[in-house]
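A short write-up of the structure that comes next.
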Amino acid sequence: VDSSGGTTNTYQNTVVDPSNGKLIFTALNTTKTFTIGGKTYSVTNIGASGTGTASNELTYYYNANTDTVTISGDNFTVTSQNVENKLNIRGSNNSVTGGALNDTIKIESGSNNVINGGAGNDTITMESEENEIDAGSGNDNIILNAGTTKQVKSGSGTNTITLNSNNNTNLNLTSGTNTVNGTSSGNTITLGENSNKITLTGSGNTITGGSGNNKVTIWGANSNVTLEDGNNTVQIEGANSNVITGDGDSIVKVWGQDSTIVAGDGNMNLLLSG
């Protein structure tokens with residue numbers, strides 16, 4: 001208390017919460033860092049599409065109980081250290097890159113975000129629509145609880161993709177060995193040369209495969225499956241479906257009317273019902 005001059009002034013200590021903070025930017029393409037939970041993150045004021053605004057703010061919050069950092073803001077590029085990161089993303093048009101270890105990244109809200117898992121066995125979850133994922137190398141787990149027309153690319157290891165949303169029209173699973181499960185319709189899935197397992201409940205799914213040995217099971221009508229020269233097994237329960245196989249040995253079982261089966265030069269064990 002200062003009472004000089006007959007005036008009484010009271011001063012209070014300002015308490016800074018170490019679990020949250022804010023970065024304030026006044027120019028594009030400037031980079032700042034923050035450290036929280038023992039991990040350092042680099043933030044550049046430019047978005048995933050290469051655009052942004054000079055005056056911009058990013059806020060962050062650390063939950064010590066879950067060791068998770070929540071980042072809120074638009075039009076930023078965020079890069080993490082090569083540690084095990086747990087990140088929640090809230091905002092749009094952000095580019096976020098994980099580290100070289102096992103990251104857990106969740107898009108909680110916003111669109112037009114690009115998530116790069118990097119190396120390590122990552123878990124990436126999409127809770128809001130129209131975002132892009134590149135899982136990177138490692139054995140990755142991708143969970144789509146919201147649909148997207150943007151590319152979702154699997155990692156180069158053994159991956160699990162869970163589809164809990166419809167109309168994911170650009171699922172690029174040409175890398176790695178992939179297992180896809182879900183209750184989901186209107187998806188377009190492109191497979192690569194490795195062996196993959198697809199199990200879906202839903203209609204209007206389109207699957208195009210490479211030369212691996214694939215197993216595709218769909219409970220739903222209006223399915224389109226085109227596979228190349230591997231030894232493939234296809235089982236569809238639903239009308240108006242189309243199956244095309246390559247030169248490998250295939251097992252095809254279709255329950256449903258008005259379906260079309262086209263076999264390559266390999267042997268086919270075919271069962272039709274309906």
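Going through the structure tokens in order, the chains are called A, B, and so on, while each chain numbers its residues from 1 and the ligands are numbered from 1 in the order shown.
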Quick one: everything within 8 Å of A:Ala263, counting only C-alpha atoms, minus sequence neighbours fewer than 2 positions away in the same chain. Send it as an NGL selection string. :A and (244-247 or 261 or 265-266 or 268)
Using only C-alpha atoms, find each residue in stretch 154-178 of chain A having at least one atom no more than 8 Å away from stretch 188-205 of chain A; report its shortest atom-to-atom pair and that distance in Å (one decimal), rows by chain then rising number, as a tab-separated table.
```
residue	atom	partner	partner_atom	distance
A:Asn167	CA	A:Thr188	CA	7.7
A:Asn168	CA	A:Thr188	CA	6.4
A:Thr169	CA	A:Thr188	CA	4.5
A:Asn170	CA	A:Thr188	CA	5.8
A:Leu171	CA	A:Ile189	CA	4.8
A:Asn172	CA	A:Thr190	CA	5.2
A:Leu173	CA	A:Leu191	CA	4.9
A:Thr174	CA	A:Gly192	CA	3.6
A:Ser175	CA	A:Gly192	CA	6.1
A:Gly176	CA	A:Asn194	CA	6.5
A:Thr177	CA	A:Asn196	CA	5.6
A:Asn178	CA	A:Asn196	CA	4.9
```
So that I can see what lies close to A:Val243, please list as a count of residues only the residues with an atom at most 10 Å from it, counting only C-alpha atoms and leaving out residues fewer than 3 positions away in the same chain. 17
Contact residues around A:Ser250 with only C-alpha atoms at 7 Å, ignoring same-chain residues under 4 positions, as a count of residues only: 6
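Once A:Gly73 and its same-chain neighbours fewer than 2 positions away are set aside, Asn56, Glu57, Leu58, Thr59, Tyr60, Ile71, Asn75, Phe76, Ile89, Arg90, Gly91, Ser92 and Asn94 of chain A remain within 9 Å of it when counting only C-alpha atoms.
Between A:Lys106 and the residues A:Ser137, A:Ser49, A:Asn145, A:Asn121, the shortest atom-to-atom distance, using only C-alpha atoms, involves A:Asn145.
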Pick out the residues sitting within 6 Å of A:Gly238, and hand them over as a short mmCIF file (atom, residue, chain, number, x, y, z; two decimals) with N, CA, C and O atoms, in the first residue's frame; count only C-alpha atoms, and ignore anything fewer than 4 positions along from it in its own chain.
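The result, stored in around00.cif:
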```
data_model
loop_
_atom_site.label_atom_id
_atom_site.label_comp_id
_atom_site.auth_asym_id
_atom_site.auth_seq_id
_atom_site.Cartn_x
_atom_site.Cartn_y
_atom_site.Cartn_z
N GLY A 220 -24.36 -53.96 -48.19
CA GLY A 220 -25.00 -52.76 -48.69
C GLY A 220 -25.12 -52.79 -50.19
O GLY A 220 -24.30 -53.41 -50.89
N ALA A 221 -26.15 -52.15 -50.72
CA ALA A 221 -26.42 -52.15 -52.15
C ALA A 221 -25.56 -51.12 -52.88
O ALA A 221 -24.88 -50.29 -52.27
N TRP A 255 -24.88 -61.66 -52.87
CA TRP A 255 -26.29 -61.87 -52.57
C TRP A 255 -27.03 -60.59 -52.93
O TRP A 255 -26.83 -59.56 -52.28
N GLY A 256 -27.87 -60.64 -53.96
CA GLY A 256 -28.61 -59.45 -54.36
C GLY A 256 -28.90 -59.45 -55.84
O GLY A 256 -28.13 -59.98 -56.64
#
```
Could you name the residues that touch A:Thr160 at 8 Å or less, counting only C-alpha atoms, but leaving out those on the same chain fewer than 5 positions away, as a list in words? Asp140, Asn141, Ile142, Asn178, Thr179, Val180 and Asn181 of chain A
Give me every strand (DSSP E) residue in stretch 32-263 of chain A, going by DSSP on the backbone, as a ChimeraX atom specification. /A:32-36,39-44,56-63,68-72,77-80,86-90,95-97,104-109,114-116,123-126,132-134,141-144,152-153,158-163,171-173,177-183,188-191,197-201,206-208,215-219,224-226,233-237,242-244,250-255,260-262
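Of note, atom CA of A:Ser109 and atom CA of A:Thr68 are spaced 15.9 Å apart.
Atom CA of A:Val114 to atom CA of A:Phe25 spans 21.1 Å [interatomic distance, one decimal].
With atom CA of A:Tyr62 on one side and atom CA of A:Thr35 on the other, the separation reads 10.2 Å.
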